[in-house]
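*Asks:* Got a structure for you, coords13.txt, holding compact mmCIF, C-alpha atoms.
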```txt
# COMPACT_ATOMS: atom_id res chain seq x y z
CA MET A 1 8.84 39.37 24.73
CA THR A 2 6.13 37.40 26.48
CA THR A 3 7.26 34.29 28.33
CA LYS A 4 5.19 31.34 27.19
CA PRO A 5 3.43 29.49 29.99
CA TYR A 6 4.14 26.06 28.49
CA VAL A 7 7.52 24.44 28.53
CA LYS A 8 7.46 21.80 25.83
CA PRO A 9 4.64 21.85 23.26
CA TYR A 10 4.18 18.44 21.64
CA VAL A 11 3.77 18.40 17.86
CA ARG A 12 1.85 15.45 16.40
CA GLU A 13 3.31 14.57 13.02
CA VAL A 14 0.86 14.14 10.15
CA PRO A 15 1.61 11.02 8.08
CA ARG A 16 2.52 12.66 4.75
CA THR A 17 1.41 9.79 2.50
CA THR A 18 -1.44 8.13 4.41
CA TRP A 19 -3.21 11.02 6.16
CA TYR A 20 -6.38 10.67 4.06
CA LEU A 21 -7.01 6.99 4.83
CA ALA A 22 -8.58 7.55 8.24
CA ARG A 23 -11.72 9.46 7.23
CA ARG A 24 -14.25 8.95 4.44
CA ARG A 25 -14.39 12.71 3.86
CA ASP A 26 -10.65 12.84 3.22
CA ARG A 27 -10.72 9.73 1.04
CA ILE A 28 -13.34 11.35 -1.22
CA HIS A 29 -11.28 14.54 -1.36
CA MET A 30 -8.18 12.58 -2.33
CA ALA A 31 -10.17 10.68 -4.98
CA GLN A 32 -11.13 14.06 -6.47
CA GLU A 33 -7.53 15.25 -6.43
CA LEU A 34 -6.10 12.09 -8.00
CA THR A 35 -8.79 11.59 -10.66
CA SER A 36 -8.30 15.16 -11.87
CA LEU A 37 -5.21 13.78 -13.62
CA PHE A 38 -7.57 12.13 -16.12
CA ILE A 39 -9.30 15.47 -16.71
CA GLY A 40 -5.87 16.95 -17.45
CA ILE A 41 -5.04 14.14 -19.86
CA TYR A 42 -8.38 14.64 -21.62
CA ALA A 43 -7.70 18.37 -21.96
CA LEU A 44 -4.40 17.53 -23.68
CA LEU A 45 -6.27 15.10 -25.93
CA LEU A 46 -8.66 17.88 -26.95
CA LEU A 47 -5.69 20.08 -27.84
CA CYS A 48 -4.36 17.23 -30.00
CA ALA A 49 -7.79 17.01 -31.65
CA LEU A 50 -7.69 20.73 -32.42
CA ARG A 51 -4.23 20.36 -33.89
CA ALA A 52 -5.43 17.45 -36.05
CA VAL A 53 -8.41 19.50 -37.28
CA ALA A 54 -6.04 22.35 -38.16
CA ASP A 55 -3.80 19.93 -40.08
CA GLY A 56 -6.65 18.88 -42.38
CA PRO A 57 -9.17 16.05 -42.91
CA GLU A 58 -6.57 13.30 -43.31
CA ALA A 59 -4.77 14.17 -40.10
CA TYR A 60 -8.11 14.27 -38.32
CA GLN A 61 -9.04 10.81 -39.62
CA VAL A 62 -5.71 9.45 -38.38
CA PHE A 63 -6.37 11.04 -34.99
CA VAL A 64 -9.90 9.57 -34.79
CA ALA A 65 -8.58 6.13 -35.79
CA SER A 66 -5.97 6.33 -33.02
CA LEU A 67 -8.78 6.70 -30.47
CA GLY A 68 -10.09 3.24 -31.39
CA SER A 69 -7.26 1.28 -29.79
CA PRO A 70 -8.20 -0.70 -26.64
CA LEU A 71 -5.84 1.47 -24.57
CA MET A 72 -7.45 4.72 -25.75
CA ARG A 73 -10.97 3.31 -25.36
CA GLY A 74 -10.16 2.30 -21.79
CA LEU A 75 -8.73 5.75 -21.08
CA LEU A 76 -11.82 7.46 -22.54
CA TRP A 77 -14.24 5.32 -20.50
CA ILE A 78 -12.30 6.03 -17.30
CA THR A 79 -12.22 9.73 -18.20
CA LEU A 80 -15.97 9.73 -18.81
CA ALA A 81 -16.58 8.13 -15.40
CA VAL A 82 -14.32 10.52 -13.49
CA THR A 83 -15.73 13.50 -15.41
CA LEU A 84 -19.23 12.53 -14.26
CA PHE A 85 -17.89 12.19 -10.70
CA HIS A 86 -16.30 15.64 -10.87
CA THR A 87 -19.38 17.18 -12.49
CA VAL A 88 -21.76 15.86 -9.83
CA SER A 89 -19.46 16.73 -6.92
CA TRP A 90 -18.82 20.23 -8.33
CA PHE A 91 -22.50 20.94 -8.98
CA GLN A 92 -23.24 19.96 -5.37
CA VAL A 93 -20.97 22.70 -4.02
CA THR A 94 -21.79 25.47 -6.51
CA PRO A 95 -24.27 27.16 -4.11
CA LYS A 96 -21.37 27.69 -1.71
CA ALA A 97 -19.08 29.24 -4.31
CA MET A 98 -21.77 31.20 -6.17
CA PRO A 99 -24.58 32.16 -3.79
CA VAL A 100 -27.37 34.23 -5.31
CA GLN A 101 -28.76 36.86 -2.96
CA ILE A 102 -32.27 38.23 -3.46
CA GLY A 103 -33.01 40.94 -0.94
CA GLU A 104 -32.31 39.53 2.50
CA ASP A 105 -32.61 35.90 1.35
CA PHE A 106 -30.49 33.58 -0.70
CA LEU A 107 -31.74 31.47 -3.57
CA PRO A 108 -32.26 27.87 -2.32
CA ALA A 109 -29.28 25.65 -3.07
CA ALA A 110 -31.48 23.14 -4.94
CA ILE A 111 -32.37 25.78 -7.54
CA ILE A 112 -28.72 26.66 -8.21
CA VAL A 113 -27.72 23.00 -8.42
CA GLY A 114 -30.77 22.21 -10.56
CA GLY A 115 -29.95 25.14 -12.85
CA HIS A 116 -26.49 23.74 -13.45
CA TYR A 117 -27.92 20.33 -14.33
CA ALA A 118 -30.45 21.95 -16.68
CA VAL A 119 -27.75 23.95 -18.50
CA TRP A 120 -25.56 20.83 -18.65
CA ILE A 121 -28.36 18.78 -20.26
CA VAL A 122 -29.29 21.52 -22.75
CA LEU A 123 -25.65 22.04 -23.79
CA SER A 124 -25.09 18.28 -24.10
CA LEU A 125 -28.16 17.91 -26.31
CA PHE A 126 -27.00 20.86 -28.43
CA ILE A 127 -23.54 19.33 -28.89
CA LEU A 128 -25.07 15.93 -29.74
CA PHE A 129 -27.31 17.75 -32.25
CA LEU A 130 -24.30 19.49 -33.82
CA ALA A 131 -22.45 16.18 -33.95
CA GLY A 132 -25.35 14.66 -35.86
CA VAL A 133 -26.10 12.03 -33.20
CA LEU A 134 -29.65 13.29 -32.65
CA HIS A 135 -30.45 13.13 -36.39
CA GLY A 136 -30.43 9.34 -36.11
CA MET B 1 -29.27 7.11 39.01
CA ALA B 2 -26.87 7.35 36.09
CA TYR B 3 -28.29 6.96 32.59
CA LYS B 4 -25.30 4.83 31.64
CA THR B 5 -21.65 4.42 32.47
CA ILE B 6 -19.32 5.44 29.70
CA GLU B 7 -15.58 5.12 29.25
CA LEU B 8 -13.57 8.17 28.30
CA GLU B 9 -10.19 7.63 26.66
CA ILE B 10 -8.49 10.95 27.19
CA LEU B 11 -5.13 11.85 25.71
CA ARG B 12 -2.84 13.07 28.46
CA TYR B 13 0.33 15.08 28.04
CA ARG B 14 2.10 16.67 30.97
CA PRO B 15 5.16 18.39 29.51
CA GLU B 16 7.15 18.28 32.74
CA GLU B 17 6.99 14.49 32.98
CA ASP B 18 5.77 12.96 29.67
CA GLU B 19 7.92 12.49 26.57
CA THR B 20 4.90 11.59 24.43
CA PRO B 21 1.13 11.79 24.94
CA TRP B 22 -0.68 8.71 26.25
CA PHE B 23 -4.30 7.66 26.75
CA GLN B 24 -5.86 7.42 30.18
CA LEU B 25 -9.16 5.58 30.68
CA PHE B 26 -11.89 6.96 32.94
CA ARG B 27 -15.25 5.37 33.77
CA VAL B 28 -17.90 8.04 34.12
CA PRO B 29 -21.52 7.61 35.31
CA CYS B 30 -23.35 9.72 32.79
CA GLU B 31 -26.81 11.34 32.72
CA GLU B 32 -28.99 11.26 29.61
CA ASP B 33 -28.79 15.00 28.98
CA TRP B 34 -25.02 15.20 29.32
CA VAL B 35 -22.75 16.60 26.69
CA VAL B 36 -19.16 15.38 26.42
CA LEU B 37 -17.98 18.46 28.34
CA ASP B 38 -20.13 17.36 31.33
CA ALA B 39 -18.36 14.00 31.31
CA VAL B 40 -14.93 15.68 31.11
CA ASN B 41 -15.94 17.99 33.95
CA TYR B 42 -16.93 14.90 35.97
CA VAL B 43 -13.42 13.53 35.46
CA LYS B 44 -11.91 16.82 36.61
CA ASP B 45 -14.20 17.14 39.64
CA HIS B 46 -14.26 13.52 40.84
CA LEU B 47 -11.53 11.41 39.28
CA ASP B 48 -8.44 13.42 38.37
CA SER B 49 -8.19 17.11 39.15
CA SER B 50 -4.92 17.41 37.22
CA LEU B 51 -6.70 17.10 33.85
CA SER B 52 -6.28 20.31 31.81
CA TYR B 53 -8.72 21.54 29.16
CA ARG B 54 -10.35 24.78 28.10
CA TRP B 55 -14.00 25.63 28.51
CA SER B 56 -16.10 28.56 29.58
CA CYS B 57 -19.68 29.15 28.46
CA HIS B 58 -21.08 25.61 28.03
CA MET B 59 -23.40 26.97 25.30
CA ALA B 60 -21.43 27.00 22.02
CA VAL B 61 -20.63 30.69 22.21
CA CYS B 62 -17.13 31.06 23.67
CA GLY B 63 -15.45 28.62 21.27
CA SER B 64 -12.94 27.33 23.79
CA CYS B 65 -13.97 23.67 24.31
CA GLY B 66 -13.13 22.34 20.84
CA MET B 67 -11.67 18.80 21.04
CA MET B 68 -11.26 15.76 18.84
CA ILE B 69 -14.17 13.55 19.85
CA ASP B 70 -13.93 10.10 18.28
CA GLY B 71 -11.58 11.60 15.69
CA GLU B 72 -13.77 14.56 14.69
CA PRO B 73 -13.17 18.17 15.77
CA ARG B 74 -16.24 19.21 17.77
CA LEU B 75 -17.34 21.52 20.52
CA SER B 76 -17.55 19.27 23.58
CA CYS B 77 -20.37 21.43 24.98
CA LYS B 78 -22.51 20.77 21.91
CA THR B 79 -21.85 17.05 21.48
CA PHE B 80 -24.36 14.91 23.38
CA VAL B 81 -23.07 11.63 24.78
CA ARG B 82 -26.31 9.93 23.74
CA ASP B 83 -25.64 10.85 20.09
CA LEU B 84 -22.30 9.04 20.02
CA PRO B 85 -22.47 5.42 18.91
CA ASP B 86 -20.18 3.79 21.48
CA ARG B 87 -19.96 3.71 25.24
CA ARG B 88 -16.25 4.34 24.85
CA ILE B 89 -15.43 7.86 23.67
CA ARG B 90 -11.98 8.91 22.57
CA ILE B 91 -11.06 12.48 23.39
CA GLU B 92 -7.94 14.20 22.08
CA PRO B 93 -6.75 17.79 21.76
CA LEU B 94 -7.64 19.56 18.49
CA ALA B 95 -5.59 18.08 15.66
CA ASN B 96 -3.04 20.14 13.70
CA PHE B 97 -2.06 22.24 16.73
CA PRO B 98 0.82 21.57 19.16
CA ILE B 99 -0.34 20.19 22.50
CA GLU B 100 0.38 22.50 25.40
CA ARG B 101 -0.95 20.20 28.13
CA ASP B 102 -3.54 17.40 28.04
CA LEU B 103 -6.43 18.76 25.92
CA VAL B 104 -5.06 22.30 25.74
CA VAL B 105 -3.47 23.27 22.42
CA VAL B 106 -1.17 26.14 21.44
CA LEU B 107 -3.20 28.59 19.34
CA ASP B 108 -0.47 31.21 18.73
CA ASP B 109 -0.29 30.35 15.02
CA PHE B 110 -4.01 30.98 14.51
CA MET B 111 -3.89 34.23 16.49
CA GLU B 112 -1.01 35.49 14.36
CA LYS B 113 -2.83 34.59 11.13
CA LEU B 114 -6.03 36.19 12.33
CA GLN B 115 -4.18 39.49 12.78
CA ARG B 116 -2.62 39.24 9.34
CA VAL B 117 -5.98 39.34 7.54
CA LYS B 118 -6.93 42.59 9.35
CA PRO B 119 -10.33 41.44 10.62
CA TYR B 120 -11.78 44.85 11.34
CA ILE B 121 -13.41 47.67 9.41
CA ILE B 122 -10.88 49.71 7.46
CA ARG B 123 -11.87 53.08 6.04
CA GLN B 124 -9.97 54.87 3.29
CA GLU B 125 -12.17 57.95 3.65
CA GLU B 126 -12.77 58.92 7.22
CA ARG B 127 -16.14 60.31 8.07
CA ALA B 128 -16.76 63.14 10.53
CA ILE B 129 -18.69 62.18 13.64
CA GLU B 130 -21.31 64.85 12.93
CA GLU B 131 -22.11 63.11 9.64
CA GLY B 132 -23.68 60.30 11.66
CA GLU B 133 -23.49 56.52 11.57
CA HIS B 134 -22.54 54.33 8.64
CA LEU B 135 -26.01 53.08 7.79
CA GLN B 136 -26.49 49.56 6.52
CA THR B 137 -29.60 48.01 4.99
CA PRO B 138 -30.84 44.52 5.98
CA PRO B 139 -29.79 43.03 2.60
CA GLN B 140 -26.29 44.53 3.04
CA LEU B 141 -26.11 42.88 6.47
CA ALA B 142 -27.46 39.56 5.14
CA LYS B 143 -24.57 39.46 2.68
CA PHE B 144 -21.97 38.82 5.38
CA ARG B 145 -23.96 37.96 8.53
CA GLN B 146 -23.26 34.23 8.29
CA TYR B 147 -19.51 34.85 8.60
CA THR B 148 -19.92 36.92 11.75
CA LEU B 149 -21.06 33.78 13.58
CA CYS B 150 -17.51 32.37 13.79
CA ILE B 151 -16.48 31.82 17.42
CA ASN B 152 -12.81 31.05 16.63
CA CYS B 153 -13.09 27.53 18.04
CA CYS B 154 -10.57 26.32 15.42
CA CYS B 155 -12.45 23.09 14.68
CA CYS B 156 -12.05 24.06 10.99
CA TYR B 157 -8.26 24.15 11.30
CA SER B 158 -8.29 20.70 12.87
CA ALA B 159 -10.34 19.29 9.98
CA CYS B 160 -8.46 21.05 7.17
CA PRO B 161 -6.11 18.69 5.30
CA GLN B 162 -4.30 21.62 3.71
CA TYR B 163 -3.48 23.18 7.08
CA ALA B 164 -2.29 19.78 8.29
CA LEU B 165 0.14 19.49 5.38
CA ILE B 166 1.00 23.16 4.82
CA PRO B 167 1.23 24.92 8.22
CA GLU B 168 1.82 28.28 6.49
CA PHE B 169 -1.74 28.21 5.07
CA ILE B 170 -3.71 31.14 6.53
CA GLY B 171 -6.60 28.72 7.03
CA PRO B 172 -10.39 28.64 7.03
CA ALA B 173 -11.55 30.80 9.96
CA ALA B 174 -9.14 33.68 9.31
CA LEU B 175 -9.97 33.75 5.59
CA ALA B 176 -13.72 33.56 6.29
CA LEU B 177 -13.33 36.55 8.57
CA ALA B 178 -11.41 38.45 5.88
CA HIS B 179 -14.33 37.70 3.55
CA ARG B 180 -16.78 38.92 6.19
CA TYR B 181 -15.10 42.34 6.23
CA ASN B 182 -14.62 42.44 2.45
CA LEU B 183 -18.37 41.97 2.08
CA ASP B 184 -19.24 44.61 4.67
CA SER B 185 -20.67 47.73 2.97
CA ARG B 186 -18.98 49.94 5.60
CA ASP B 187 -15.52 48.52 4.89
CA GLN B 188 -12.98 49.86 2.39
CA GLY B 189 -10.08 47.55 3.19
CA ARG B 190 -10.26 44.83 0.54
CA GLU B 191 -7.06 46.03 -1.13
CA ASP B 192 -5.27 46.13 2.22
CA ARG B 193 -6.16 42.49 2.89
CA GLU B 194 -5.48 41.28 -0.65
CA ASP B 195 -1.71 40.82 -0.19
CA VAL B 196 -2.36 38.14 2.42
CA VAL B 197 -5.71 36.80 1.23
CA ALA B 198 -4.64 36.28 -2.39
CA SER B 199 -1.10 35.13 -1.62
CA ASN B 200 0.19 31.59 -2.10
CA VAL B 201 -0.59 30.82 1.53
CA GLY B 202 -4.03 32.43 1.30
CA ILE B 203 -7.07 31.38 -0.70
CA TRP B 204 -5.02 29.62 -3.39
CA ASP B 205 -3.72 27.10 -0.87
CA CYS B 206 -7.28 25.89 -0.32
CA ALA B 207 -8.08 22.70 -2.26
CA PHE B 208 -11.80 22.93 -1.43
CA ALA B 209 -11.93 19.71 0.58
CA ASP B 210 -14.89 21.35 2.36
CA ALA B 211 -13.90 19.66 5.64
CA CYS B 212 -13.92 23.02 7.47
CA SER B 213 -17.54 23.69 6.59
CA GLN B 214 -18.63 20.14 7.40
CA VAL B 215 -17.28 20.33 10.96
CA CYS B 216 -18.09 23.98 11.73
CA PRO B 217 -20.38 23.95 14.78
CA LYS B 218 -21.78 27.37 13.87
CA HIS B 219 -22.45 26.60 10.16
CA VAL B 220 -20.22 29.46 9.04
CA ASP B 221 -19.14 27.72 5.80
CA PRO B 222 -15.53 28.93 5.54
CA ALA B 223 -15.01 26.79 2.42
CA GLY B 224 -17.75 28.73 0.65
CA ALA B 225 -16.19 32.02 1.74
CA ILE B 226 -12.80 31.00 0.34
CA GLN B 227 -14.26 29.92 -3.02
CA GLN B 228 -16.17 33.20 -3.27
CA MET B 229 -12.93 35.07 -2.58
CA LYS B 230 -11.16 33.09 -5.30
CA ILE B 231 -13.77 34.32 -7.78
CA SER B 232 -13.80 37.94 -6.58
CA SER B 233 -10.02 38.07 -6.31
CA THR B 234 -9.61 36.78 -9.86
CA LEU B 235 -12.20 39.25 -11.11
CA HIS B 236 -10.44 42.16 -9.39
CA TRP B 237 -7.08 41.03 -10.78
CA TYR B 238 -8.41 41.13 -14.33
CA LEU B 239 -10.20 44.44 -13.79
CA ASP B 240 -7.03 45.97 -12.33
CA HIS B 241 -4.90 44.72 -15.22
CA LEU B 242 -7.41 45.98 -17.77
CA GLY B 243 -7.27 49.37 -16.10
CA LEU B 244 -10.90 49.10 -15.02
CA GLY B 245 -10.34 48.33 -11.35
CA ARG B 246 -10.53 50.62 -8.40
CA LYS B 247 -7.10 50.67 -6.80
CA LYS B 248 -8.44 52.19 -3.63
CA ARG B 249 -12.09 52.54 -2.88
```
Once more with this new file: its structure as structure tokens, please.

*Replies:*
Amino acid sequence: MTTKPYVKPYVREVPRTTWYLARRRDRIHMAQELTSLFIGIYALLLLCALRAVADGPEAYQVFVASLGSPLMRGLLWITLAVTLFHTVSWFQVTPKAMPVQIGEDFLPAAIIVGGHYAVWIVLSLFILFLAGVLHG
Amino acid sequence: MAYKTIELEILRYRPEEDETPWFQLFRVPCEEDWVVLDAVNYVKDHLDSSLSYRWSCHMAVCGSCGMMIDGEPRLSCKTFVRDLPDRRIRIEPLANFPIERDLVVVLDDFMEKLQRVKPYIIRQEERAIEEGEHLQTPPQLAKFRQYTLCINCCCCYSACPQYALIPEFIGPAALALAHRYNLDSRDQGREDREDVVASNVGIWDCAFADACSQVCPKHVDPAGAIQQMKISSTLHWYLDHLGLGRKKR
């Protein structure tokens, strides 16, 4: 067993509830972590929508009507805002998680990020088309 | 003629006489081309020879002079005084590690974790010497070259919020090095590393704060490495459970 050269290492405690307040980088990270709750709630809402669709047209109409309350409208607007925040911040880091190697080089990050935006726009337009919004 | 006089607030901790660390202020006449390490060396040479800190190469290669400089983990040999906004600079030992003395931290935890990810080439099929070298093409090298640039300075561990809160987390540099060997065309040890890499204290403890990559002085991008391993590890898990995976390469 090696004898350690130090006699009394000092451990700096990390403040468990306020550690992220000191740096902007950590505050943004914490904002991502906390706002993901809304994404979770929205996922549950989608499951409820599926259930309502399975239960028939009347159940679906009741479900849609329930979304019109001020509370639900507020929740949906907040969810839309945080979803945009998560989308943009995720697209920014996709070149790190999914690098594309061509020979000895890697595809420029801007192309990967731009590709994600392009697919996002095309899919959104397709869904709006299916929903009848683009028919006027 | 000094370019300007700066004030260094250095955290001191002498285990034989201090209960807690404390800041000591030094006034240092500084030249324009000085890095923070030059100013710390000035303190050691002219003001207080008892100051303890690690350094060696003075050229961002040895990885030993990492310190918290104005709250950010940085190599003190690569941080120019003229690039810092204030005349007063706060210098502390790397965060998230126990302080051994002054600016020297205890790195035993990192060393132990580094060993656990087996950061070396593992072969399942040995090759006779007469068969020659393991050849590698430039694209195969390009795949992992970025991760070979890590100098184990541990700035990433100091920036990582997950490591700060969950000390068991294997952490950015060690996982990036595991990824480096997993990507190496000569290596056959991915399965041997998987138990540690894909464990609860491995890649899945990373919340992708990206702090490690933002502070890395060598632009290694450990956060990217960890996310890539999350994808490949998941893929291998599914392939293995569908009976399509290769148990041992």

*Asks:* With a cut-off of 7 Å and counting all atoms listed in the file, select all residues of chain A in contact with chain B and give the selection as a list in words.

*Replies:*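 Residues passing the distance filter: Tyr6, Val7, Lys8, Pro9, Tyr10, Val11, Arg12, Val14, His29, Lys96, Ala97, Met98, Gly103 and Glu104 of chain A.
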
*Asks:* For the residues in that selection, give me C-alpha atoms as an mmCIF file, in the frame of the given file.

*Replies:*
```
data_model
loop_
_atom_site.group_PDB
_atom_site.id
_atom_site.type_symbol
_atom_site.label_atom_id
_atom_site.label_comp_id
_atom_site.auth_asym_id
_atom_site.auth_seq_id
_atom_site.Cartn_x
_atom_site.Cartn_y
_atom_site.Cartn_z
ATOM 1 C CA TYR A 6 4.140 26.060 28.490
ATOM 2 C CA VAL A 7 7.520 24.440 28.530
ATOM 3 C CA LYS A 8 7.460 21.800 25.830
ATOM 4 C CA PRO A 9 4.640 21.850 23.260
ATOM 5 C CA TYR A 10 4.180 18.440 21.640
ATOM 6 C CA VAL A 11 3.770 18.400 17.860
ATOM 7 C CA ARG A 12 1.850 15.450 16.400
ATOM 8 C CA VAL A 14 0.860 14.140 10.150
ATOM 9 C CA HIS A 29 -11.280 14.540 -1.360
ATOM 10 C CA LYS A 96 -21.370 27.690 -1.710
ATOM 11 C CA ALA A 97 -19.080 29.240 -4.310
ATOM 12 C CA MET A 98 -21.770 31.200 -6.170
ATOM 13 C CA GLY A 103 -33.010 40.940 -0.940
ATOM 14 C CA GLU A 104 -32.310 39.530 2.500
#
```

*Asks:* Using all atoms listed in the file, which protein or nucleic acid residues come within 7 Å of Asp70 in chain B? Drop anything in the same chain fewer than 5 positions from it, and give the result as a PDB file with C-alpha atoms, in the coordinates of the input.

*Replies:*
```pdb
ATOM      1  CA  ILE B  89     -15.430   7.860  23.670  1.00  0.00           C
ATOM      2  CA  ARG B  90     -11.980   8.910  22.570  1.00  0.00           C
ATOM      3  CA  ILE B  91     -11.060  12.480  23.390  1.00  0.00           C
TER       4      ILE B  91
END
```

*Asks:* I'd like the interatomic distance between CA of Val113 in chain A and CA of Thr94 in chain A, to a tenth of an Å.

*Replies:* 6.7 Å

*Asks:* Suppose you want the space between CA of Ala60 in chain B and CA of Phe26 in chain B; what is it in Å?

*Replies:*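 Those two atoms sit 24.7 Å apart.
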
*Asks:* Which of these, A:Ala43, A:Val88, A:Leu37, A:Cys48, has the shortest distance to His116 in chain A once you count only C-alpha atoms?

*Replies:*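 Closest to His116 in chain A of all the choices is A:Val88.
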
*Asks:* Can you measure CA of Leu47 in chain A to CA of Phe63 in chain A for me? One decimal in Å is fine.

*Replies:*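 Here the two named atoms are 11.5 Å from each other.
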
*Asks:* Show me, as lines of an AutoDock Vina configuration file, the centre and edge lengths in Å to one decimal of the axis-aligned box that covers every listed atom of range 214-222 of chain B with 6 Å on each side.

*Replies:*
```
center_x = -19.0
center_y = 24.8
center_z = 10.2
size_x = 18.9
size_y = 21.3
size_z = 21.2
```

*Asks:* Could you list as a ChimeraX atom specification every residue that has an atom within 10 Å of (-19.9, 11.0, -4.1), using the file's coordinates and counting only C-alpha atoms?

*Replies:* /A:25,28-29,31-32,85-86,88-89,92

*Asks:* Of the candidates B:Val117, B:Met111, B:Ile122, B:Leu11, which shows the shortest atom-to-atom distance to Ser199 in chain B, using all atoms listed in the file?

*Replies:*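 Among the listed residues, the smallest separation from Ser199 in chain B belongs to B:Val117.
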
*Asks:* Show me, as a PyMOL selection string, the residues that have an atom within 6 Å of Val35 in chain B when counting only C-alpha atoms, minus same-chain residues fewer than 6 positions from it.

*Replies:* chain B and resi 77+79-81

*Asks:* Using C-alpha atoms, can you write the selected residues to a file as an mmCIF file, keeping the file's coordinate frame?

*Replies:*
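Generated output (again_3.cif):
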```cif
data_model
loop_
_atom_site.group_PDB
_atom_site.id
_atom_site.type_symbol
_atom_site.label_atom_id
_atom_site.label_comp_id
_atom_site.auth_asym_id
_atom_site.auth_seq_id
_atom_site.Cartn_x
_atom_site.Cartn_y
_atom_site.Cartn_z
ATOM 1 C CA CYS B 77 -20.370 21.430 24.980
ATOM 2 C CA THR B 79 -21.850 17.050 21.480
ATOM 3 C CA PHE B 80 -24.360 14.910 23.380
ATOM 4 C CA VAL B 81 -23.070 11.630 24.780
#
```

*Asks:* Of the candidates B:Ile69, B:Glu17, B:Gly132, B:Asp205, which one gets nearest to Pro85 in chain B if we count all atoms listed in the file?

*Replies:* B:Ile69

*Asks:* I want to know what sits within 6 Å of range 51-54 of chain B, based on all atoms listed in the file, with residues of the same chain fewer than 6 positions away left out; could you give that as number ranges by chain?

*Replies:* B: 44, 64-65, 102-104

*Asks:* Residues within 12 Å of Ala174 in chain B, please, as a VMD selection string. Count only C-alpha atoms; anything in the same chain fewer than 2 positions from it doesn't count.

*Replies:* chain B and resid 109 to 120 147 to 148 150 to 154 156 to 157 169 to 172 176 to 181 193 196 to 197 201 to 203 212 220 222 to 223 225 to 226

*Asks:* In terms of the shortest atom-to-atom distance over all atoms listed in the file, which of B:Asp83, B:Asp240, B:Glu92, B:Glu7 is closest to Met68 in chain B?

*Replies:*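 With all atoms listed in the file as the atom set, the closest residue is B:Glu92.
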
*Asks:* Because some atoms of range 188-201 of chain B are absent here, can you restore N, CA and C atoms and send them as a PDB file, in the frame of the given file?

*Replies:*
```pdb
ATOM      1  N   GLN B 188     -13.698  49.468   3.616  1.00  0.00           N
ATOM      2  CA  GLN B 188     -12.980  49.860   2.390  1.00  0.00           C
ATOM      3  C   GLN B 188     -11.575  49.258   2.379  1.00  0.00           C
ATOM      4  N   GLY B 189     -11.425  48.096   2.995  1.00  0.00           N
ATOM      5  CA  GLY B 189     -10.080  47.550   3.190  1.00  0.00           C
ATOM      6  C   GLY B 189      -9.725  46.334   2.362  1.00  0.00           C
ATOM      7  N   ARG B 190     -10.535  46.044   1.331  1.00  0.00           N
ATOM      8  CA  ARG B 190     -10.260  44.830   0.540  1.00  0.00           C
ATOM      9  C   ARG B 190      -8.839  44.814  -0.007  1.00  0.00           C
ATOM     10  N   GLU B 191      -8.409  45.954  -0.547  1.00  0.00           N
ATOM     11  CA  GLU B 191      -7.060  46.030  -1.130  1.00  0.00           C
ATOM     12  C   GLU B 191      -5.992  45.816  -0.066  1.00  0.00           C
ATOM     13  N   ASP B 192      -6.251  46.293   1.137  1.00  0.00           N
ATOM     14  CA  ASP B 192      -5.270  46.130   2.220  1.00  0.00           C
ATOM     15  C   ASP B 192      -5.129  44.673   2.638  1.00  0.00           C
ATOM     16  N   ARG B 193      -6.216  43.903   2.496  1.00  0.00           N
ATOM     17  CA  ARG B 193      -6.160  42.490   2.890  1.00  0.00           C
ATOM     18  C   ARG B 193      -5.657  41.599   1.756  1.00  0.00           C
ATOM     19  N   GLU B 194      -5.728  42.114   0.526  1.00  0.00           N
ATOM     20  CA  GLU B 194      -5.480  41.280  -0.650  1.00  0.00           C
ATOM     21  C   GLU B 194      -4.096  40.632  -0.653  1.00  0.00           C
ATOM     22  N   ASP B 195      -3.073  41.364  -0.168  1.00  0.00           N
ATOM     23  CA  ASP B 195      -1.710  40.820  -0.190  1.00  0.00           C
ATOM     24  C   ASP B 195      -1.625  39.498   0.562  1.00  0.00           C
ATOM     25  N   VAL B 196      -2.374  39.391   1.643  1.00  0.00           N
ATOM     26  CA  VAL B 196      -2.360  38.140   2.420  1.00  0.00           C
ATOM     27  C   VAL B 196      -3.401  37.167   1.890  1.00  0.00           C
ATOM     28  N   VAL B 197      -4.609  37.678   1.657  1.00  0.00           N
ATOM     29  CA  VAL B 197      -5.710  36.800   1.230  1.00  0.00           C
ATOM     30  C   VAL B 197      -5.392  36.103  -0.087  1.00  0.00           C
ATOM     31  N   ALA B 198      -4.864  36.850  -1.059  1.00  0.00           N
ATOM     32  CA  ALA B 198      -4.640  36.280  -2.390  1.00  0.00           C
ATOM     33  C   ALA B 198      -3.211  35.773  -2.583  1.00  0.00           C
ATOM     34  N   SER B 199      -2.478  35.633  -1.493  1.00  0.00           N
ATOM     35  CA  SER B 199      -1.100  35.130  -1.620  1.00  0.00           C
ATOM     36  C   SER B 199      -1.108  33.611  -1.758  1.00  0.00           C
ATOM     37  N   ASN B 200       0.079  33.049  -1.955  1.00  0.00           N
ATOM     38  CA  ASN B 200       0.190  31.590  -2.100  1.00  0.00           C
ATOM     39  C   ASN B 200      -0.267  30.847  -0.857  1.00  0.00           C
ATOM     40  N   VAL B 201      -0.158  31.486   0.302  1.00  0.00           N
ATOM     41  CA  VAL B 201      -0.590  30.820   1.530  1.00  0.00           C
ATOM     42  C   VAL B 201      -2.009  31.232   1.917  1.00  0.00           C
TER      43      VAL B 201
END
```
